[in-house]
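For reference, the structure is listed below as structure tokens.
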Amino acid sequence: MKPSERQFGNVLLPLSTESFTYEIATPMQPPRIGDWVQVPLRKSVATGVYTGKAKEVSPEIQSLARPVEACQSADELPFLPESLLRLIDWTASYYICPEGAVLKYAIPSGVWKGLFKVPRRSRLTETGPLPSDKPEGRFQLSAEQERALQRISSETGGVFLLKGVTGSGKTEVYLRAVESLPEGLGTIVLVPEIVLTTQMVRRFQERFGEKVVIYHSGLSEGQRTRAWNEVRQGRARVAIGVRSAIFLPFEKLGMVIVDEEHSATYKQAEGLRYNARDLSVVRGKLQGATIILGSATPSLESYENARSGKYQELVLSQRVKEKPMPLVKVVDMKAAAKASPSVSEELREAVSETLTADGQVLLLITRRGFAHVVMCGDCGQVAKCPLCSVSLTHHKKVQRLRCHHCGSELMVPVSCSHCGGTRLLFQGEGTERAEEEVRELFPGLAPLRMDYDTTRRRNSFAEMIASMETGETSMLVGTQMVAKGHDFPGVHLAAVVSGDVLLGLPDFRAAERAFQLFSQLSGRAGRGEVPGRVLIQTHDPEHFIFEYVARHDYDGFASRELDLRRSLGYPPYSRIIRFVVKGKVLKNFEKTLETVDRVCRNFRPPGVELLGPAPCPLSRLRGYHRWHLLLRGKSSSRVHAAARGLAEKLRALPALALDIDVDPVHML
Ligand code: ADP
Ligand code: ZN
């Protein structure tokens, strides 16, 4: 046969590589794009996805290419929709990682394994409670909800920023928007964390019953596979899930809803460092789907996109049924009279009044554990994690010191490892200490503590929510978890016991995060008949965010913070790509750094600044020494080009571990 008649195709394998070229040898028919194929790989056989004909195959590749061995039957639906392959391709190129790595991440491993088994038709996945028999009463939409819905339904394929104050009925807008979609179009609903959204999941199930699938990392392999197949075979109408659900294989996608779009959890911090919120906009473009980004406190990136006209802004400025926003008071902890080390007199009184009136209370402490610093009273030595450059947190109940970054655990020392002194001080607040103080201040009250430590057990979170809903519990003390989407009408008082640590983080988004968290927490108060109250205890009452938090003035906060970002050249007015270089052995790492430094000094990409290299704020993590450098510029394509260039140079260096983070959300 003449070489020109041979046919070649590209096959993407779920491995950390780009796609490979294989020959499609007669009598095989060329597969369809998205079909699965089996191909030889080294000495074995691998399963991958056919991504299309290979064009301009060099003679060298022609002589090396091995043939595709088997391919999916043409009677079945292609394994993956073509639009999903395009999303995978886009993701790989934007986040600078091999395309196969994205494929591996996007498709659950159970799905690959199931390819050669006869598919068992399954009932829709175990999604918790079945739809209730009494359908929830349909509200009369508020005028603002109505207007938002009209604009969403009147335009397919738009990107909408739904900016609605807490309790303004955003979820109801989502539900109606999904209902208004033409038959046969699927919807992906992204939520920050599945356990935090039981209430929303329930409302979707009540509205769409069996056609709702749930997708998150807490599912077993079998459950994930089943959910994935329901979507692929067109039996699911709505998929609710965490960030990875953005890769679910909807052939026809009508809408993607990103709830609490400002949430940092949409950005994966390890491995494939993608942002599901940003990918939702890309996927919307690829499939002509409408995108709704919802939040009371949008990310400044999305807000700026709305201001510049890239997204359409929809505003819900009022709570439903004309409920007032809560009254917010900032308590200066430097001057306040104290009822206990971390509770002011004012907070104690407010709690007592609330309890007397049969109301419920939420208390937020941004740190968990009992004390986050254990210090020697003689020499001042602080107990540090052996693997990370952070202090260890004392967990009193389990009698351990724990590292909140790597999970290392140590026994609580009886004496200082440095001087042998025995006067150990346990300092700094945490949820455990606050719980203890509250128990002492209010004997007989049994507060529930909600944090990572108390919610790891299956259902424990749901039990706490239920106990708040029924009114069995009158106080919830916890970390950020207590501030998230809950709708507890009985909460009259929400308070920040301590949150100053957020404001002090060495990260340009520190103020934005603190503003979002405090506003979210305020949003939990006063959702029922009684107007809500919010108290924020702080040692830094002059910080500019508080006046905006107190006035519920997101726009005011955003425009002030955006001015600052503009003058400092930070996102959304620039693009950042962060490189982290790591090494285990200090001596070798220092040598590597010298070379990295040299490479950087000679690297002058046009229109892009290079900041660093410098030690990361977390200069040691899980045993690695870490330095970082930032590429920053106005044009995304220039910053990307620079990053590719620099990555190539750095990867050529021996024994260098390198992480690349495009649009980083954390800078620690
Ligand atoms: P958000 O997500 O904006 O904080 P929710 O969607 O949770 O607000 O709505 C708050 C509460 O108001 C929910 O209990 C919801 O059922 C109810 N609700 C929403 N829209 C209306 C409406 N138009 N009329 C009456 N109640 C509504
Ligand atoms: Zn550690």
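Order determines the names: the first chain of the structure tokens is A, the second B, and so forth; residues in each chain are numbered 1 upward, and ligands are numbered 1 upward as they are shown.
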Please build the interface table for chain A against ligand 2 with a cut-off of 10 Å, listing for each qualifying residue the nearest atom pair and the distance in Å to one decimal; count only C-alpha atoms and all ligand atoms, order rows by chain and increasing number, and write it as a Markdown table.
```
| residue | atom | partner | partner_atom_place_in_ligand_line | distance |
| --- | --- | --- | --- | --- |
| A:Lys384 | CA | ligand 2 | 1 (Zn) | 8.2 |
| A:Cys385 | CA | ligand 2 | 1 (Zn) | 4.8 |
| A:Pro386 | CA | ligand 2 | 1 (Zn) | 6.4 |
| A:Leu387 | CA | ligand 2 | 1 (Zn) | 4.8 |
| A:Cys388 | CA | ligand 2 | 1 (Zn) | 4.2 |
| A:Ser389 | CA | ligand 2 | 1 (Zn) | 7.3 |
| A:Val390 | CA | ligand 2 | 1 (Zn) | 6.9 |
| A:Ser391 | CA | ligand 2 | 1 (Zn) | 8.4 |
| A:Leu392 | CA | ligand 2 | 1 (Zn) | 7.8 |
| A:Arg402 | CA | ligand 2 | 1 (Zn) | 7.9 |
| A:Cys403 | CA | ligand 2 | 1 (Zn) | 4.6 |
| A:His404 | CA | ligand 2 | 1 (Zn) | 6.6 |
| A:His405 | CA | ligand 2 | 1 (Zn) | 5.1 |
| A:Cys406 | CA | ligand 2 | 1 (Zn) | 4.1 |
| A:Gly407 | CA | ligand 2 | 1 (Zn) | 6.0 |
| A:Ser408 | CA | ligand 2 | 1 (Zn) | 5.5 |
| A:Glu409 | CA | ligand 2 | 1 (Zn) | 8.6 |
| A:Arg620 | CA | ligand 2 | 1 (Zn) | 8.4 |
| A:Leu621 | CA | ligand 2 | 1 (Zn) | 6.2 |
| A:Arg622 | CA | ligand 2 | 1 (Zn) | 5.6 |
| A:Gly623 | CA | ligand 2 | 1 (Zn) | 7.8 |
```
**Request:** Mind the document's chain letters and residue numbers, and return as an MDAnalysis selection string the residues of stretch 6-69 of chain A that DSSP labels strand (DSSP E).
**Result:** chainID A and resid 7:12 20:24 36:41 44:53
**Request:** Let me have all residues with an atom within 8 Å of ligand 1, counting only C-alpha atoms and all ligand atoms, laid out as a PyMOL selection string.
**Result:** chain A and resi 139-142+145+164-173+200+295-296+319-321+485-487+523+527
**Asked** Could you name the residues that touch A:Gly294 at 12 Å or less, counting only C-alpha atoms, but leaving out those on the same chain fewer than 6 positions away, as a PyMOL selection string?
**Response** chain A and resi 148+159-166+168-174+189-192+256-263+277+302-303+312-316+485
Write to file, as a PDB file, in the first residue's frame, the residues of the selection just made, with C-alpha atoms.
```pdb
ATOM      1  CA  ALA A 148     -34.072  38.476  36.769  1.00  0.00           C
ATOM      2  CA  VAL A 159     -23.441  34.910  31.205  1.00  0.00           C
ATOM      3  CA  PHE A 160     -25.339  36.402  34.133  1.00  0.00           C
ATOM      4  CA  LEU A 161     -24.031  37.547  37.463  1.00  0.00           C
ATOM      5  CA  LEU A 162     -26.935  37.193  39.886  1.00  0.00           C
ATOM      6  CA  LYS A 163     -25.999  39.487  42.724  1.00  0.00           C
ATOM      7  CA  GLY A 164     -28.596  38.976  45.418  1.00  0.00           C
ATOM      8  CA  VAL A 165     -28.326  39.865  49.088  1.00  0.00           C
ATOM      9  CA  THR A 166     -28.561  36.932  51.488  1.00  0.00           C
ATOM     10  CA  SER A 168     -33.217  37.417  48.516  1.00  0.00           C
ATOM     11  CA  GLY A 169     -34.357  34.141  46.974  1.00  0.00           C
ATOM     12  CA  LYS A 170     -31.554  33.306  44.532  1.00  0.00           C
ATOM     13  CA  THR A 171     -32.283  29.595  44.762  1.00  0.00           C
ATOM     14  CA  GLU A 172     -35.846  30.181  43.642  1.00  0.00           C
ATOM     15  CA  VAL A 173     -34.528  32.022  40.583  1.00  0.00           C
ATOM     16  CA  TYR A 174     -32.251  29.078  39.796  1.00  0.00           C
ATOM     17  CA  VAL A 189     -25.460  23.159  39.374  1.00  0.00           C
ATOM     18  CA  LEU A 190     -22.128  23.750  41.069  1.00  0.00           C
ATOM     19  CA  VAL A 191     -21.995  24.210  44.817  1.00  0.00           C
ATOM     20  CA  PRO A 192     -18.922  24.912  46.954  1.00  0.00           C
ATOM     21  CA  VAL A 256     -24.686  25.982  34.327  1.00  0.00           C
ATOM     22  CA  ILE A 257     -25.445  27.546  37.693  1.00  0.00           C
ATOM     23  CA  VAL A 258     -22.553  28.370  39.994  1.00  0.00           C
ATOM     24  CA  ASP A 259     -23.884  29.065  43.467  1.00  0.00           C
ATOM     25  CA  GLU A 260     -21.729  31.149  45.824  1.00  0.00           C
ATOM     26  CA  GLU A 261     -19.551  31.810  42.822  1.00  0.00           C
ATOM     27  CA  HIS A 262     -16.986  33.700  44.939  1.00  0.00           C
ATOM     28  CA  SER A 263     -16.093  30.553  46.838  1.00  0.00           C
ATOM     29  CA  ARG A 277     -16.333  28.779  37.889  1.00  0.00           C
ATOM     30  CA  SER A 302     -16.842  38.487  38.221  1.00  0.00           C
ATOM     31  CA  TYR A 303     -17.985  41.848  39.507  1.00  0.00           C
ATOM     32  CA  GLN A 312     -24.891  40.841  32.556  1.00  0.00           C
ATOM     33  CA  GLU A 313     -25.651  41.882  36.078  1.00  0.00           C
ATOM     34  CA  LEU A 314     -28.947  40.932  37.731  1.00  0.00           C
ATOM     35  CA  VAL A 315     -29.637  42.397  41.144  1.00  0.00           C
ATOM     36  CA  LEU A 316     -31.822  41.211  43.981  1.00  0.00           C
ATOM     37  CA  GLY A 485     -25.935  28.969  52.821  1.00  0.00           C
TER      38      GLY A 485
END
```
**Message:** I'd like the contact shell of A:Thr17 - 7 Å cut-off, only C-alpha atoms, skipping same-chain residues fewer than 2 positions apart - returned as a list in words.
**Reply:**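 Within the cut-off, the hits are Leu15, Ser19, Pro98, Glu99, Gly100 and Ala101 of chain A.
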Give me the stretch 557-657 of chain A side of the contact with stretch 661-668 of chain A, cut-off 6 Å, one line per residue showing its nearest atom pair and distance in Å at one decimal, counting only C-alpha atoms, sorted by chain and residue number, as a tab-separated table.
```
residue	atom	partner	partner_atom	distance
A:Ile576	CA	A:Asp663	CA	5.4
A:Ile577	CA	A:Val662	CA	4.5
A:Arg578	CA	A:Asp661	CA	5.0
A:Pro617	CA	A:Leu668	CA	5.0
A:Leu618	CA	A:Leu668	CA	5.4
```
N, CA and C atoms of the current selection, written as a compact mmCIF listing (two decimals), in the first residue's frame:
```txt
# COMPACT_ATOMS: atom_id res chain seq x y z
N ILE A 576 -2.16 36.64 36.81
CA ILE A 576 -1.00 36.13 37.53
C ILE A 576 -0.86 34.63 37.27
N ILE A 577 0.36 34.22 37.03
CA ILE A 577 0.65 32.79 37.04
C ILE A 577 1.76 32.60 38.07
N ARG A 578 1.51 31.68 38.97
CA ARG A 578 2.45 31.49 40.07
C ARG A 578 3.23 30.19 39.86
N PRO A 617 5.12 32.34 51.74
CA PRO A 617 4.75 32.58 53.14
C PRO A 617 4.77 31.28 53.95
N LEU A 618 4.32 30.20 53.35
CA LEU A 618 4.48 28.89 54.00
C LEU A 618 5.77 28.30 53.41
```
**Residue neighbourhood A:Val496, 8 Å, only C-alpha atoms, exclusion window fewer than 2 positions, as a list of chain:residue names** =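 Those residues are A:Leu363, A:Leu364, A:Ile365, A:Ala494, A:Ser498, A:Gly499, A:Phe518, A:Leu535, A:Ile536, A:Gln537.
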Grab the residues selected above and save them as a compact mmCIF listing (two decimals), in the first residue's frame with N, CA, C and O atoms.
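Here's the written file part_31.txt:
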```txt
# COMPACT_ATOMS: atom_id res chain seq x y z
N LEU A 363 -22.22 31.22 66.27
CA LEU A 363 -20.95 31.86 66.62
C LEU A 363 -19.86 31.37 65.68
O LEU A 363 -19.69 30.17 65.49
N LEU A 364 -19.13 32.32 65.11
CA LEU A 364 -18.07 31.98 64.16
C LEU A 364 -16.70 32.25 64.75
O LEU A 364 -16.44 33.33 65.30
N ILE A 365 -15.83 31.27 64.65
CA ILE A 365 -14.42 31.43 65.01
C ILE A 365 -13.65 30.87 63.82
O ILE A 365 -13.93 29.75 63.40
N ALA A 494 -26.14 36.36 65.03
CA ALA A 494 -24.96 35.72 64.46
C ALA A 494 -23.77 36.56 64.88
O ALA A 494 -23.83 37.79 64.81
N SER A 498 -14.04 35.54 66.69
CA SER A 498 -12.74 36.03 66.25
C SER A 498 -12.54 35.69 64.79
O SER A 498 -12.85 34.60 64.35
N GLY A 499 -12.06 36.66 64.05
CA GLY A 499 -11.83 36.46 62.63
C GLY A 499 -10.67 37.31 62.17
O GLY A 499 -10.40 37.41 60.98
N PHE A 518 -17.80 37.58 56.55
CA PHE A 518 -18.63 38.30 57.53
C PHE A 518 -20.01 38.60 56.95
O PHE A 518 -21.01 38.54 57.65
N LEU A 535 -23.04 40.66 65.68
CA LEU A 535 -21.94 41.30 66.42
C LEU A 535 -20.63 40.78 65.86
O LEU A 535 -20.47 39.57 65.68
N ILE A 536 -19.71 41.68 65.60
CA ILE A 536 -18.40 41.25 65.12
C ILE A 536 -17.35 41.74 66.11
O ILE A 536 -17.16 42.94 66.30
N GLN A 537 -16.69 40.82 66.78
CA GLN A 537 -15.62 41.18 67.71
C GLN A 537 -14.31 41.25 66.93
O GLN A 537 -13.99 40.34 66.17
```
**Request:** Could you give me, as a count of residues only, the residues within 8 Å of stretch 592-605 of chain A, counting only C-alpha atoms and dropping anything in the same chain fewer than 4 positions from it?
**Result:** 9
**Asked** Suppose you want the space between atom CA of A:Asp451 and atom CA of A:Leu503; what is it in Å?
**Response**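 Atom CA of A:Leu503 lies 20.3 Å from atom CA of A:Asp451.
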**Item:** Who sits within 10 Å of A:Arg348, only C-alpha atoms, same chain under 6 positions skipped, as a ChimeraX atom specification
**Value:** /A:338-340,354,438,441-442
Would you mind exporting the chosen residues as a PDB file, in the first residue's frame, restricted to N, CA, C and O atoms?
```pdb
ATOM      1  N   LYS A 338     -14.787  42.186  79.228  1.00  0.00           N
ATOM      2  CA  LYS A 338     -14.848  40.777  78.827  1.00  0.00           C
ATOM      3  C   LYS A 338     -15.650  39.946  79.819  1.00  0.00           C
ATOM      4  O   LYS A 338     -15.513  40.106  81.028  1.00  0.00           O
ATOM      5  N   ALA A 339     -16.425  39.041  79.280  1.00  0.00           N
ATOM      6  CA  ALA A 339     -17.128  38.086  80.126  1.00  0.00           C
ATOM      7  C   ALA A 339     -16.270  36.839  80.306  1.00  0.00           C
ATOM      8  O   ALA A 339     -16.355  36.128  81.302  1.00  0.00           O
ATOM      9  N   SER A 340     -15.429  36.557  79.323  1.00  0.00           N
ATOM     10  CA  SER A 340     -14.473  35.446  79.366  1.00  0.00           C
ATOM     11  C   SER A 340     -13.379  35.843  78.381  1.00  0.00           C
ATOM     12  O   SER A 340     -13.531  36.844  77.680  1.00  0.00           O
ATOM     13  N   THR A 354     -31.076  36.749  73.374  1.00  0.00           N
ATOM     14  CA  THR A 354     -31.583  35.905  72.292  1.00  0.00           C
ATOM     15  C   THR A 354     -32.163  34.605  72.848  1.00  0.00           C
ATOM     16  O   THR A 354     -33.240  34.165  72.445  1.00  0.00           O
ATOM     17  N   VAL A 438     -18.225  29.172  76.279  1.00  0.00           N
ATOM     18  CA  VAL A 438     -19.670  29.370  76.205  1.00  0.00           C
ATOM     19  C   VAL A 438     -20.391  28.450  77.182  1.00  0.00           C
ATOM     20  O   VAL A 438     -21.338  28.841  77.852  1.00  0.00           O
ATOM     21  N   LEU A 441     -20.094  30.052  80.496  1.00  0.00           N
ATOM     22  CA  LEU A 441     -20.907  31.267  80.640  1.00  0.00           C
ATOM     23  C   LEU A 441     -22.400  30.972  80.705  1.00  0.00           C
ATOM     24  O   LEU A 441     -23.149  31.697  81.334  1.00  0.00           O
ATOM     25  N   PHE A 442     -22.808  29.919  80.015  1.00  0.00           N
ATOM     26  CA  PHE A 442     -24.235  29.585  79.977  1.00  0.00           C
ATOM     27  C   PHE A 442     -24.453  28.145  80.402  1.00  0.00           C
ATOM     28  O   PHE A 442     -24.668  27.274  79.569  1.00  0.00           O
TER      29      PHE A 442
END
```
**Message:** Restricting the calculation to only C-alpha atoms: of A:Gly504, A:Gly9, A:Pro249, A:Gly430, which residue gets closest to A:Leu84?
**Reply:** A:Pro249
**Request:** Find the distance between atom CA of A:Leu424 and atom CA of A:Gly377 and write it in Å to one decimal.
**Result:**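 Taking atom CA of A:Leu424 and atom CA of A:Gly377, their separation equals 5.5 Å.
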Can you tell me, as a short mmCIF file (atom, residue, chain, number, x, y, z; two decimals) with C-alpha atoms, in the first residue's frame, which residues in stretch 218-444 of chain A count as helix (DSSP H, G or I) by DSSP?
```cif
data_model
loop_
_atom_site.label_atom_id
_atom_site.label_comp_id
_atom_site.auth_asym_id
_atom_site.auth_seq_id
_atom_site.Cartn_x
_atom_site.Cartn_y
_atom_site.Cartn_z
CA GLU A 221 -16.67 4.62 42.92
CA GLY A 222 -19.84 2.79 41.97
CA GLN A 223 -22.08 5.72 42.81
CA ARG A 224 -19.92 8.11 40.83
CA THR A 225 -19.89 5.80 37.85
CA ARG A 226 -23.63 5.44 37.96
CA ALA A 227 -24.18 9.18 38.22
CA TRP A 228 -21.82 9.73 35.29
CA ASN A 229 -23.67 7.17 33.18
CA GLU A 230 -27.06 8.69 34.00
CA VAL A 231 -25.79 11.95 32.61
CA ARG A 232 -24.13 10.39 29.58
CA ARG A 243 -16.25 21.60 41.10
CA SER A 244 -15.47 18.33 39.25
CA ALA A 245 -19.11 18.19 38.08
CA ILE A 246 -18.20 20.80 35.47
CA PHE A 247 -16.77 17.87 33.46
CA ALA A 264 -12.40 29.65 46.82
CA THR A 265 -13.29 25.95 46.72
CA TYR A 266 -14.06 26.21 43.00
CA ALA A 276 -14.61 25.40 37.88
CA ARG A 277 -16.33 28.78 37.89
CA ASP A 278 -14.14 29.98 35.05
CA LEU A 279 -14.51 26.69 33.19
CA SER A 280 -18.28 26.99 33.43
CA VAL A 281 -18.11 30.14 31.33
CA VAL A 282 -15.89 28.37 28.80
CA ARG A 283 -18.18 25.36 28.68
CA GLY A 284 -21.19 27.64 28.24
CA LYS A 285 -19.54 29.15 25.15
CA LEU A 286 -18.69 25.73 23.72
CA GLN A 287 -22.24 24.43 24.11
CA LEU A 300 -14.12 40.90 42.32
CA GLU A 301 -13.20 39.20 39.05
CA SER A 302 -16.84 38.49 38.22
CA TYR A 303 -17.99 41.85 39.51
CA GLU A 304 -15.51 43.63 37.28
CA ASN A 305 -16.66 41.52 34.33
CA ALA A 306 -20.19 42.70 35.02
CA ARG A 307 -19.11 46.33 35.34
CA VAL A 320 -37.96 38.26 50.24
CA LYS A 321 -41.13 39.37 51.99
CA GLU A 322 -39.51 42.69 52.84
CA GLU A 345 -19.80 41.44 77.91
CA GLU A 346 -21.76 42.80 74.99
CA LEU A 347 -21.78 39.45 73.20
CA ARG A 348 -22.69 37.63 76.40
CA GLU A 349 -25.67 39.93 76.89
CA ALA A 350 -26.78 39.59 73.31
CA VAL A 351 -26.63 35.80 73.57
CA SER A 352 -28.59 35.84 76.78
CA GLU A 353 -31.29 38.10 75.34
CA THR A 354 -31.58 35.91 72.29
CA LEU A 355 -31.89 32.73 74.34
CA THR A 356 -34.50 34.33 76.58
CA THR A 431 -13.63 26.62 68.16
CA GLU A 432 -12.94 24.15 70.95
CA ARG A 433 -11.95 26.85 73.42
CA ALA A 434 -14.92 29.02 72.46
CA GLU A 435 -17.25 26.08 73.01
CA GLU A 436 -15.75 25.57 76.46
CA GLU A 437 -16.07 29.26 77.37
CA VAL A 438 -19.67 29.37 76.20
CA ARG A 439 -20.52 26.30 78.25
CA GLU A 440 -19.08 28.00 81.32
CA LEU A 441 -20.91 31.27 80.64
#
```
**Closest of A:Met468, A:Leu521, A:Ala550, A:Val501 to A:Lys329 - atom-to-atom distances counting only C-alpha atoms** =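 Checking each candidate against A:Lys329, we get A:Ala550 as the closest.
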**Item:** Closest of A:Leu41, A:Pro326, A:Ser417, A:Asp378 to A:His552 - atom-to-atom distances counting only C-alpha atoms
**Value:**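 The shortest atom-to-atom distance to A:His552 comes from A:Pro326.
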